[in-house]
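Asker: The structure follows.
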Amino acid sequence: MRLLTYIVMTYMLLALFWWTVLLSRNNTELFQKSIQIEAYKNYRSGGKLNTNSDETGKIRAIYERKANMILGEGIVFGLILVTGLWLMQRAFQKELITSENQRNFLLSVTHELKTPLAGMLLILQTLKKRKLDELRQSELIEDALTENQRLENLINNILISTKLGSKYDFHFENINVSEIINNYIQKFKRIHPEVTIKYLPDQELILPIDRESFIILLSNIVENALKYNENIPQISINFTQNNQFAVLRISDNGIGITDKEKKNIFKQFYRLEHEDTRKNKGTGLGLYIVYKIVQAHSGSIEVIDNLPNGSTFVIKLPTHQKQV
């Protein structure tokens with residue numbers, strides 16, 4: 001279909017060029033014959049055979065006007081066709097990228113859904129078939145809860161991503177953000193006791209936010225910090241506030257993000273690795289959802305390097321109530 005479209009558009013471009021040449025030739029021939037006829041008429045009426053009379057000057061002006069019109073219309077239609085070809089090429093390329101991203105998304109979702117389910121199934125089978133001491137049972141139950149939390153996060157991301165693509169109703173209210181972050185950190189530490197995570201609030205922060213979406217925003221950035229980390233994860237959360245904005249900084253000691261990748265990480269389905277060779281878990285939805293949530297809060301987000309290594313997500317949120 002793509003090749004056929006290109007053939008048709010190329011044929012139209014060549015046909016336009018050919019018709020422009022034919023019209024120019026016809027216009028020239030008509031001009032020459034008109035000049036000859038006018039000169040002959042002047043000669044028959046007793047004058048000289050003159051091709052430079054006032055009448056022939058008018059004929060020449062008409063010829064030049066038609067020649068300019070033919071050339072101008074040819075250029076305009078040619079530019080329209082070339083622009084159409086370029087727009088079609090860009091649309092095809094965009095469609096190919098979208099198709100590839102959706103393919104990667106389906107592969108990753110399939111894998112991500114199967115992995116926690118398989119993990120929980122194995123744990124349940126172990127608890128059923130083996131007599132374990134209380135400590136080992138507690139460890140397996142914690143593992144099952146971790147897998148369940150992972151599955152819940154994945155499903156939430158898929159659902160909210162679908163809603164953000166159409167219409168998602170945010171419910172803004174003045175909320176103590178410090179309390180939300182502290183509660184999240186306590187829950188996070190129960191699941192990931194090996195991770196060092198610190199919260200450094202500037203003060204008690206009351207902001208007009210949507211509670212559920214803010215928790216998702218926080219969770220996705222922190223989970224991303226765990227995912228792309230080759231060291232013992234160390235995460236710091238810092239929140240400061242002035243008269244106009246509250247600034248949330250989430251820093252990690254992970255592998256970092258290149259300048260090239262920084263331009264793409266907030267795109268839907270975008271992954272830092274190709275799905276067929278990926279080492280890390282994920283669907284390419286987490287940071288896209290973060291971006292959309294920040295956008296809905298009339299805020300901004302950027303990624304900067306966290307020296308000596310890692311990344312820092314800097315999020316600015318307005319301190320005044322959003323009008324809805």
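Here, A, B, ... name the chains of the structure tokens in the order displayed, residue numbers run from 1 inside each chain, and ligands are numbered from 1 in the same displayed order.
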Mind checking which residues fall within 12 Å of A:Asp169, counting only C-alpha atoms, ignoring those fewer than 5 positions away in the same chain, and posting them as a list of chain:residue names?

Answerer: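 Contacts, with the query itself left out: A:Ile160, A:Lys163, A:Leu164, A:Asp210, A:Glu212, A:Ser213, A:Ile293, A:Ala296, A:His297, A:Val324.
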
Asker: Write out as an MDAnalysis selection string the residues lying within 10 Å of A:Val82, counting only C-alpha atoms and excluding same-chain residues fewer than 4 positions away.

Answerer: chainID A and resid 9:10 13 76:78 86:88

Asker: Hey, can you spit out that residue selection with all heavy atoms as a CSV table (one decimal), in the first residue's frame?

Answerer:
```csv
chain,number,residue,atom,x,y,z
A,9,MET,N,1.8,9.0,-6.4
A,9,MET,CA,2.2,10.4,-6.2
A,9,MET,C,3.3,10.7,-7.1
A,9,MET,O,3.3,11.9,-7.6
A,9,MET,CB,2.6,10.5,-4.7
A,9,MET,CG,1.5,10.4,-3.7
A,9,MET,SD,0.3,11.7,-3.8
A,9,MET,CE,1.2,13.0,-3.0
A,10,THR,N,4.2,9.8,-7.4
A,10,THR,CA,5.3,10.1,-8.3
A,10,THR,C,4.8,10.3,-9.8
A,10,THR,O,5.2,11.2,-10.5
A,10,THR,CB,6.4,9.0,-8.3
A,10,THR,OG1,6.8,8.8,-7.0
A,10,THR,CG2,7.5,9.3,-9.2
A,13,LEU,N,3.3,13.7,-10.0
A,13,LEU,CA,4.3,14.7,-10.1
A,13,LEU,C,4.9,14.8,-11.5
A,13,LEU,O,5.1,15.9,-12.0
A,13,LEU,CB,5.4,14.4,-9.1
A,13,LEU,CG,6.5,15.5,-8.8
A,13,LEU,CD1,5.8,16.7,-8.3
A,13,LEU,CD2,7.5,15.0,-7.9
A,76,VAL,N,3.5,25.8,-7.7
A,76,VAL,CA,2.6,25.6,-6.5
A,76,VAL,C,2.1,24.2,-6.4
A,76,VAL,O,2.2,23.6,-5.3
A,76,VAL,CB,1.5,26.6,-6.6
A,76,VAL,CG1,0.4,26.3,-5.5
A,76,VAL,CG2,1.9,28.0,-6.4
A,77,PHE,N,1.6,23.6,-7.5
A,77,PHE,CA,1.1,22.3,-7.4
A,77,PHE,C,2.2,21.3,-7.2
A,77,PHE,O,2.1,20.3,-6.5
A,77,PHE,CB,0.4,21.9,-8.7
A,77,PHE,CG,-1.0,22.5,-8.8
A,77,PHE,CD1,-1.3,23.5,-9.7
A,77,PHE,CD2,-2.0,22.0,-8.0
A,77,PHE,CE1,-2.6,24.0,-9.8
A,77,PHE,CE2,-3.3,22.6,-8.0
A,77,PHE,CZ,-3.6,23.6,-8.9
A,78,GLY,N,3.4,21.6,-7.7
A,78,GLY,CA,4.6,20.7,-7.5
A,78,GLY,C,4.9,20.7,-6.0
A,78,GLY,O,5.2,19.6,-5.4
A,86,TRP,N,6.1,14.2,1.5
A,86,TRP,CA,6.8,14.3,2.8
A,86,TRP,C,5.9,14.0,4.0
A,86,TRP,O,6.3,13.3,4.9
A,86,TRP,CB,7.4,15.7,2.9
A,86,TRP,CG,8.2,15.9,4.2
A,86,TRP,CD1,9.4,15.4,4.5
A,86,TRP,CD2,7.7,16.6,5.3
A,86,TRP,NE1,9.7,15.8,5.8
A,86,TRP,CE2,8.7,16.6,6.3
A,86,TRP,CE3,6.6,17.4,5.5
A,86,TRP,CZ2,8.6,17.2,7.5
A,86,TRP,CZ3,6.4,18.0,6.7
A,86,TRP,CH2,7.4,17.9,7.7
A,87,LEU,N,4.7,14.6,3.9
A,87,LEU,CA,3.8,14.3,5.1
A,87,LEU,C,3.4,12.8,5.1
A,87,LEU,O,3.3,12.3,6.2
A,87,LEU,CB,2.5,15.2,4.9
A,87,LEU,CG,2.7,16.7,5.1
A,87,LEU,CD1,1.5,17.4,4.8
A,87,LEU,CD2,3.1,17.0,6.6
A,88,MET,N,3.2,12.2,4.0
A,88,MET,CA,2.9,10.8,4.0
A,88,MET,C,4.0,10.0,4.5
A,88,MET,O,3.8,9.0,5.3
A,88,MET,CB,2.5,10.4,2.5
A,88,MET,CG,1.2,10.9,2.0
A,88,MET,SD,0.8,10.4,0.4
A,88,MET,CE,0.9,8.6,0.5
```

Asker: Could you name the residues that touch A:Ala144 at 9 Å or less, counting only C-alpha atoms, but leaving out those on the same chain fewer than 5 positions away, as a PDB file with N, CA and C atoms, in the first residue's frame?

Answerer:
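Final output, saved to selection-v5.pdb:
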```pdb
ATOM      1  N   PRO A 116       4.769 -12.151  37.872  1.00  0.00           N
ATOM      2  CA  PRO A 116       4.291 -12.179  39.264  1.00  0.00           C
ATOM      3  C   PRO A 116       3.283 -13.296  39.518  1.00  0.00           C
ATOM      4  N   GLY A 119       5.287 -16.338  39.989  1.00  0.00           N
ATOM      5  CA  GLY A 119       5.958 -16.281  41.283  1.00  0.00           C
ATOM      6  C   GLY A 119       5.012 -16.616  42.436  1.00  0.00           C
ATOM      7  N   MET A 120       3.813 -16.028  42.402  1.00  0.00           N
ATOM      8  CA  MET A 120       2.837 -16.306  43.473  1.00  0.00           C
ATOM      9  C   MET A 120       2.379 -17.759  43.443  1.00  0.00           C
ATOM     10  N   LEU A 121       2.220 -18.317  42.227  1.00  0.00           N
ATOM     11  CA  LEU A 121       1.824 -19.717  42.113  1.00  0.00           C
ATOM     12  C   LEU A 121       2.882 -20.628  42.714  1.00  0.00           C
ATOM     13  N   ILE A 123       5.074 -19.884  45.030  1.00  0.00           N
ATOM     14  CA  ILE A 123       5.081 -19.712  46.493  1.00  0.00           C
ATOM     15  C   ILE A 123       3.936 -20.477  47.133  1.00  0.00           C
ATOM     16  N   LEU A 124       2.746 -20.384  46.538  1.00  0.00           N
ATOM     17  CA  LEU A 124       1.588 -21.102  47.085  1.00  0.00           C
ATOM     18  C   LEU A 124       1.789 -22.606  47.023  1.00  0.00           C
ATOM     19  N   GLU A 139       8.847 -15.392  55.189  1.00  0.00           N
ATOM     20  CA  GLU A 139       9.619 -14.870  54.050  1.00  0.00           C
ATOM     21  C   GLU A 139       8.877 -15.096  52.735  1.00  0.00           C
ATOM     22  N   GLN A 149       1.979  -6.816  44.867  1.00  0.00           N
ATOM     23  CA  GLN A 149       2.088  -5.371  44.737  1.00  0.00           C
ATOM     24  C   GLN A 149       2.584  -4.993  43.349  1.00  0.00           C
TER      25      GLN A 149
END
```

Asker: Compile the contact shell of A:Asn176 as a PyMOL selection string: residues with an atom at most 7 Å away, counting only C-alpha atoms, same-chain residues fewer than 6 positions apart removed.

Answerer: chain A and resi 205-207

Asker: Write out as a ChimeraX atom specification the residues lying within 9 Å of stretch 18-32 of chain A, counting only C-alpha atoms and excluding same-chain residues fewer than 4 positions away.

Answerer: /A:13-14,36-37,59-60,62-63,66-67,70-71,73-74

Asker: Given the selection you just returned, output its residues as a file containing N, CA, C and O atoms, formatted as a CSV table (one decimal), in the first residue's frame.

Answerer:
```
chain,number,residue,atom,x,y,z
A,13,LEU,N,3.3,13.7,-10.0
A,13,LEU,CA,4.3,14.7,-10.1
A,13,LEU,C,4.9,14.8,-11.5
A,13,LEU,O,5.1,15.9,-12.0
A,14,LEU,N,5.2,13.6,-12.1
A,14,LEU,CA,5.7,13.6,-13.5
A,14,LEU,C,4.7,14.1,-14.4
A,14,LEU,O,5.0,14.8,-15.4
A,36,GLN,N,2.7,36.5,-35.9
A,36,GLN,CA,2.7,36.3,-37.4
A,36,GLN,C,1.4,36.8,-38.0
A,36,GLN,O,1.4,37.6,-39.0
A,37,ILE,N,0.3,36.4,-37.4
A,37,ILE,CA,-1.0,36.9,-38.0
A,37,ILE,C,-1.2,38.4,-37.9
A,37,ILE,O,-1.7,39.0,-38.8
A,59,ILE,N,0.1,41.5,-27.4
A,59,ILE,CA,0.1,40.0,-27.5
A,59,ILE,C,1.2,39.5,-26.7
A,59,ILE,O,1.1,38.4,-26.0
A,60,ARG,N,2.4,40.1,-26.8
A,60,ARG,CA,3.6,39.7,-26.0
A,60,ARG,C,3.3,39.7,-24.5
A,60,ARG,O,3.7,38.9,-23.8
A,62,ILE,N,0.4,39.5,-23.0
A,62,ILE,CA,-0.5,38.4,-22.7
A,62,ILE,C,0.2,37.1,-22.6
A,62,ILE,O,0.0,36.2,-21.7
A,63,TYR,N,1.1,36.9,-23.6
A,63,TYR,CA,2.0,35.6,-23.6
A,63,TYR,C,2.8,35.5,-22.3
A,63,TYR,O,2.8,34.5,-21.7
A,66,LYS,N,0.6,34.7,-19.3
A,66,LYS,CA,0.2,33.3,-19.3
A,66,LYS,C,1.4,32.4,-19.0
A,66,LYS,O,1.2,31.4,-18.3
A,67,ALA,N,2.6,32.7,-19.5
A,67,ALA,CA,3.8,31.9,-19.2
A,67,ALA,C,4.1,31.9,-17.7
A,67,ALA,O,4.4,30.9,-17.1
A,70,ILE,N,1.4,29.8,-15.9
A,70,ILE,CA,1.7,28.4,-16.0
A,70,ILE,C,2.9,27.9,-15.1
A,70,ILE,O,2.8,26.9,-14.4
A,71,LEU,N,3.9,28.7,-15.1
A,71,LEU,CA,5.1,28.4,-14.3
A,71,LEU,C,4.7,28.5,-12.8
A,71,LEU,O,5.1,27.6,-12.0
A,73,GLU,N,1.7,28.2,-11.3
A,73,GLU,CA,0.8,27.1,-11.0
A,73,GLU,C,1.5,25.8,-10.9
A,73,GLU,O,1.3,25.0,-10.0
A,74,GLY,N,2.5,25.6,-11.9
A,74,GLY,CA,3.2,24.4,-11.8
A,74,GLY,C,4.1,24.2,-10.6
A,74,GLY,O,4.1,23.2,-10.0
```
